[in-house]
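What follows is the content of start08.pdb (PDB, C-alpha atoms).
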ATOM      1  CA  MET A   1     -68.838   8.788 -72.772
ATOM      2  CA  PHE A   2     -67.670   6.715 -75.748
ATOM      3  CA  PHE A   3     -64.026   6.047 -76.514
ATOM      4  CA  THR A   4     -62.504   4.884 -79.749
ATOM      5  CA  LEU A   5     -60.245   1.844 -79.787
ATOM      6  CA  LYS A   6     -57.298   4.161 -80.461
ATOM      7  CA  GLU A   7     -58.071   6.199 -77.314
ATOM      8  CA  LYS A   8     -58.386   3.025 -75.224
ATOM      9  CA  HIS A   9     -55.127   1.691 -76.660
ATOM     10  CA  ARG A  10     -53.344   4.947 -75.837
ATOM     11  CA  SER A  11     -54.593   4.932 -72.255
ATOM     12  CA  TYR A  12     -53.276   1.372 -71.845
ATOM     13  CA  PHE A  13     -49.774   2.463 -72.817
ATOM     14  CA  GLU A  14     -50.055   5.437 -70.488
ATOM     15  CA  GLU A  15     -50.716   2.977 -67.643
ATOM     16  CA  VAL A  16     -47.662   0.941 -68.658
ATOM     17  CA  ARG A  17     -45.524   4.086 -68.922
ATOM     18  CA  ASP A  18     -46.687   5.135 -65.447
ATOM     19  CA  LEU A  19     -45.084   1.978 -64.041
ATOM     20  CA  GLY A  20     -41.759   3.625 -64.748
ATOM     21  CA  TRP A  21     -38.610   1.645 -64.288
ATOM     22  CA  VAL A  22     -39.770  -0.098 -61.104
ATOM     23  CA  VAL A  23     -40.539  -2.960 -63.484
ATOM     24  CA  LEU A  24     -36.766  -3.513 -63.850
ATOM     25  CA  LEU A  25     -36.620  -4.804 -60.303
ATOM     26  CA  LYS A  26     -39.348  -7.362 -61.084
ATOM     27  CA  LEU A  27     -37.262  -8.502 -64.064
ATOM     28  CA  GLY A  28     -34.166  -8.915 -61.868
ATOM     29  CA  ILE A  29     -32.152  -6.093 -63.446
ATOM     30  CA  LYS A  30     -29.852  -4.206 -61.095
ATOM     31  CA  ILE A  31     -29.764  -0.482 -61.775
ATOM     32  CA  ARG A  32     -27.975   2.403 -60.148
ATOM     33  CA  LYS A  33     -28.583   6.140 -60.062
ATOM     34  CA  LYS A  34     -26.452   8.039 -62.549
ATOM     35  CA  GLY A  35     -26.078  11.755 -63.150
ATOM     36  CA  ASN A  36     -29.041  14.095 -63.243
ATOM     37  CA  SER A  37     -32.079  14.442 -65.444
ATOM     38  CA  PHE A  38     -30.941  17.853 -66.737
ATOM     39  CA  SER A  39     -28.052  16.439 -68.779
ATOM     40  CA  PRO A  40     -29.087  15.232 -72.256
ATOM     41  CA  HIS A  41     -26.387  12.543 -72.279
ATOM     42  CA  THR A  42     -26.917  11.021 -68.850
ATOM     43  CA  GLY A  43     -29.880   8.847 -67.903
ATOM     44  CA  ASP A  44     -31.533   8.772 -64.544
ATOM     45  CA  TYR A  45     -30.459   5.137 -64.128
ATOM     46  CA  ILE A  46     -27.728   3.039 -65.708
ATOM     47  CA  THR A  47     -26.935  -0.677 -65.962
ATOM     48  CA  LEU A  48     -25.160  -3.253 -68.094
ATOM     49  CA  CYS A  49     -27.139  -3.792 -71.280
ATOM     50  CA  PRO A  50     -28.921  -7.165 -71.214
ATOM     51  CA  PHE A  51     -28.982  -7.255 -75.041
ATOM     52  CA  HIS A  52     -25.215  -7.498 -75.616
ATOM     53  CA  THR A  53     -22.033  -8.387 -73.724
ATOM     54  CA  GLU A  54     -20.207  -5.502 -72.089
ATOM     55  CA  LYS A  55     -18.020  -4.642 -69.089
ATOM     56  CA  SER A  56     -19.053  -1.012 -68.583
ATOM     57  CA  PRO A  57     -22.682   0.051 -68.208
ATOM     58  CA  SER A  58     -24.073   1.663 -71.351
ATOM     59  CA  MET A  59     -27.833   1.187 -70.882
ATOM     60  CA  HIS A  60     -29.542   4.371 -69.709
ATOM     61  CA  PHE A  61     -33.098   4.641 -68.397
ATOM     62  CA  TYR A  62     -34.716   8.078 -68.495
ATOM     63  CA  ASN A  63     -37.354   8.615 -65.823
ATOM     64  CA  ASN A  64     -38.836  11.809 -67.242
ATOM     65  CA  SER A  65     -39.764  10.155 -70.558
ATOM     66  CA  SER A  66     -39.927   6.458 -69.532
ATOM     67  CA  ARG A  67     -37.547   5.636 -72.382
ATOM     68  CA  PHE A  68     -34.301   3.665 -72.536
ATOM     69  CA  PHE A  69     -31.254   3.836 -74.779
ATOM     70  CA  CYS A  70     -28.107   1.714 -74.985
ATOM     71  CA  TYR A  71     -25.069   3.641 -76.167
ATOM     72  CA  GLY A  72     -23.321   0.335 -76.925
ATOM     73  CA  CYS A  73     -25.764  -1.475 -79.242
ATOM     74  CA  GLY A  74     -28.347   1.218 -79.985
ATOM     75  CA  ALA A  75     -31.296  -0.599 -78.411
ATOM     76  CA  SER A  76     -34.002   1.900 -77.511
ATOM     77  CA  GLY A  77     -37.690   2.252 -76.756
ATOM     78  CA  ASP A  78     -40.167   2.680 -73.951
ATOM     79  CA  VAL A  79     -41.115   0.550 -70.950
ATOM     80  CA  PHE A  80     -43.335  -1.762 -73.047
ATOM     81  CA  ASN A  81     -40.599  -2.288 -75.673
ATOM     82  CA  PHE A  82     -38.056  -3.084 -72.967
ATOM     83  CA  ILE A  83     -40.302  -5.615 -71.255
ATOM     84  CA  SER A  84     -41.077  -7.266 -74.607
ATOM     85  CA  ARG A  85     -37.393  -7.545 -75.539
ATOM     86  CA  ILE A  86     -36.218  -8.780 -72.146
ATOM     87  CA  LEU A  87     -38.925 -11.472 -72.072
ATOM     88  CA  GLY A  88     -38.030 -12.547 -75.622
ATOM     89  CA  HIS A  89     -41.297 -11.322 -77.144
ATOM     90  CA  ASN A  90     -39.596  -9.838 -80.204
ATOM     91  CA  TYR A  91     -42.169 -10.529 -82.910
ATOM     92  CA  TYR A  92     -45.498  -8.814 -83.399
ATOM     93  CA  GLY A  93     -47.478 -11.948 -82.494
ATOM     94  CA  ASP A  94     -45.504 -12.307 -79.256
ATOM     95  CA  LYS A  95     -46.646  -8.911 -77.940
ATOM     96  CA  ILE A  96     -49.817 -10.533 -76.597
ATOM     97  CA  LYS A  97     -47.586 -12.444 -74.178
ATOM     98  CA  THR A  98     -46.225  -9.103 -72.943
ATOM     99  CA  TYR A  99     -49.759  -7.789 -72.422
ATOM    100  CA  ARG A 100     -50.570 -10.902 -70.391
ATOM    101  CA  TRP A 101     -47.351 -10.629 -68.367
ATOM    102  CA  LEU A 102     -48.257  -7.035 -67.435
ATOM    103  CA  LYS A 103     -51.753  -8.111 -66.430
ATOM    104  CA  LYS A 104     -50.460 -10.975 -64.281
ATOM    105  CA  ASN A 105     -47.689  -8.992 -62.565
ATOM    106  CA  TYR A 106     -49.192  -5.499 -62.338
ATOM    107  CA  GLY A 107     -52.936  -5.973 -62.790
ATOM    108  CA  ILE A 108     -53.136  -3.798 -65.907
ATOM    109  CA  PRO A 109     -56.224  -4.955 -67.850
ATOM    110  CA  LEU A 110     -55.660  -6.095 -71.405
ATOM    111  CA  PRO A 111     -56.455  -3.320 -73.926
ATOM    112  CA  TRP A 112     -59.279  -5.290 -75.537
ATOM    113  CA  GLU A 113     -60.855  -5.974 -72.108
ATOM    114  CA  LYS A 114     -61.378  -2.245 -71.538
ATOM    115  CA  LEU A 115     -63.924  -1.883 -74.338
TER     116      LEU A 115
END

Encoding of this model in structure tokens:
Amino acid sequence: MFFTLKEKHRSYFEEVRDLGWVVLLKLGIKIRKKGNSFSPHTGDYITLCPFHTEKSPSMHFYNNSSRFFCYGCGASGDVFNFISRILGHNYYGDKIKTYRWLKKNYGIPLPWEKL
């Protein structure tokens, strides 16, 4: 069966999304359980936002969608975006470093290696 590059790329991000927020522990971020997944305003996990200074936790991680949102600074995205930001890979060219970090730490093959 032949896959297009777009299909291969999508399956890569599905693998990253399947990691869930266990990756936070690898990055040294302490999280705690908060609320329930049925409330639209409460994440599954909460922590202090690493992207701005705060005293009360405002960063929410949603397990059911593998997304995050900070109610303090507005930072948001998915697991890949979070890893990129926390590692300082903020520019498009830096994303390759995030791909390599995921390969080294979780064994996820680089998208272009799957062809």

Per residue of range 70-112 of chain A within 10 Å of range 9-29 of chain A, what are the shortest atom pair and its distance in Å to one decimal, counting all atoms listed in the file, with rows by chain and residue number, as JSON lines?
{"residue": "A:Asp78", "atom": "CA", "partner": "A:Arg17", "partner_atom": "CA", "distance": 7.5}
{"residue": "A:Val79", "atom": "CA", "partner": "A:Arg17", "partner_atom": "CA", "distance": 6.0}
{"residue": "A:Phe80", "atom": "CA", "partner": "A:Val16", "partner_atom": "CA", "distance": 6.7}
{"residue": "A:Phe82", "atom": "CA", "partner": "A:Leu24", "partner_atom": "CA", "distance": 9.2}
{"residue": "A:Ile83", "atom": "CA", "partner": "A:Val23", "partner_atom": "CA", "distance": 8.2}
{"residue": "A:Ile86", "atom": "CA", "partner": "A:Leu27", "partner_atom": "CA", "distance": 8.2}
{"residue": "A:Leu87", "atom": "CA", "partner": "A:Leu27", "partner_atom": "CA", "distance": 8.7}
{"residue": "A:Tyr99", "atom": "CA", "partner": "A:Val16", "partner_atom": "CA", "distance": 9.7}
{"residue": "A:Leu102", "atom": "CA", "partner": "A:Val16", "partner_atom": "CA", "distance": 8.1}
{"residue": "A:Asn105", "atom": "CA", "partner": "A:Lys26", "partner_atom": "CA", "distance": 8.6}
{"residue": "A:Tyr106", "atom": "CA", "partner": "A:Leu19", "partner_atom": "CA", "distance": 8.7}
{"residue": "A:Ile108", "atom": "CA", "partner": "A:Glu15", "partner_atom": "CA", "distance": 7.4}
{"residue": "A:Pro109", "atom": "CA", "partner": "A:Tyr12", "partner_atom": "CA", "distance": 8.0}
{"residue": "A:Leu110", "atom": "CA", "partner": "A:Tyr12", "partner_atom": "CA", "distance": 7.9}
{"residue": "A:Pro111", "atom": "CA", "partner": "A:His9", "partner_atom": "CA", "distance": 5.9}
{"residue": "A:Trp112", "atom": "CA", "partner": "A:His9", "partner_atom": "CA", "distance": 8.2}

Which residues are near Lys97 in chain A? Cut-off 12 Å, only C-alpha atoms, ignore same chain within fewer than 3 positions. Put them as a CSV table (one decimal) with C-alpha atoms, in the coordinates of the input.
chain,number,residue,atom,x,y,z
A,80,PHE,CA,-43.3,-1.8,-73.0
A,83,ILE,CA,-40.3,-5.6,-71.3
A,84,SER,CA,-41.1,-7.3,-74.6
A,85,ARG,CA,-37.4,-7.5,-75.5
A,87,LEU,CA,-38.9,-11.5,-72.1
A,88,GLY,CA,-38.0,-12.5,-75.6
A,89,HIS,CA,-41.3,-11.3,-77.1
A,90,ASN,CA,-39.6,-9.8,-80.2
A,91,TYR,CA,-42.2,-10.5,-82.9
A,92,TYR,CA,-45.5,-8.8,-83.4
A,93,GLY,CA,-47.5,-11.9,-82.5
A,94,ASP,CA,-45.5,-12.3,-79.3
A,100,ARG,CA,-50.6,-10.9,-70.4
A,101,TRP,CA,-47.4,-10.6,-68.4
A,102,LEU,CA,-48.3,-7.0,-67.4
A,103,LYS,CA,-51.8,-8.1,-66.4
A,104,LYS,CA,-50.5,-11.0,-64.3
A,110,LEU,CA,-55.7,-6.1,-71.4

Practice prompt. Report the distance between CA of Ser65 in chain A and CA of Ile96 in chain A in Å, rounded to one decimal place.
Written response: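 Computing it gives 23.8 Å between the two atoms.
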
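Taking CA of Ile31 in chain A as the reference point, CA of Leu48 in chain A is found at 8.3 Å.
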
Worksheet item: In Å, with one decimal, what is the gap from CA of Asn81 in chain A to CA of Asp44 in chain A?
Response: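 Value for the CA of Asn81 in chain A-CA of Asp44 in chain A distance: 18.1 Å.
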
Practice prompt. Find the spatial neighbours of Ser58 in chain A, counting all atoms listed in the file, within a cut-off of 12 Å - ignore same-chain residues fewer than 6 positions away - and output them as a VMD selection string.
Written response: chain A and resid 31 to 32 34 41 to 43 45 to 52 68 to 76
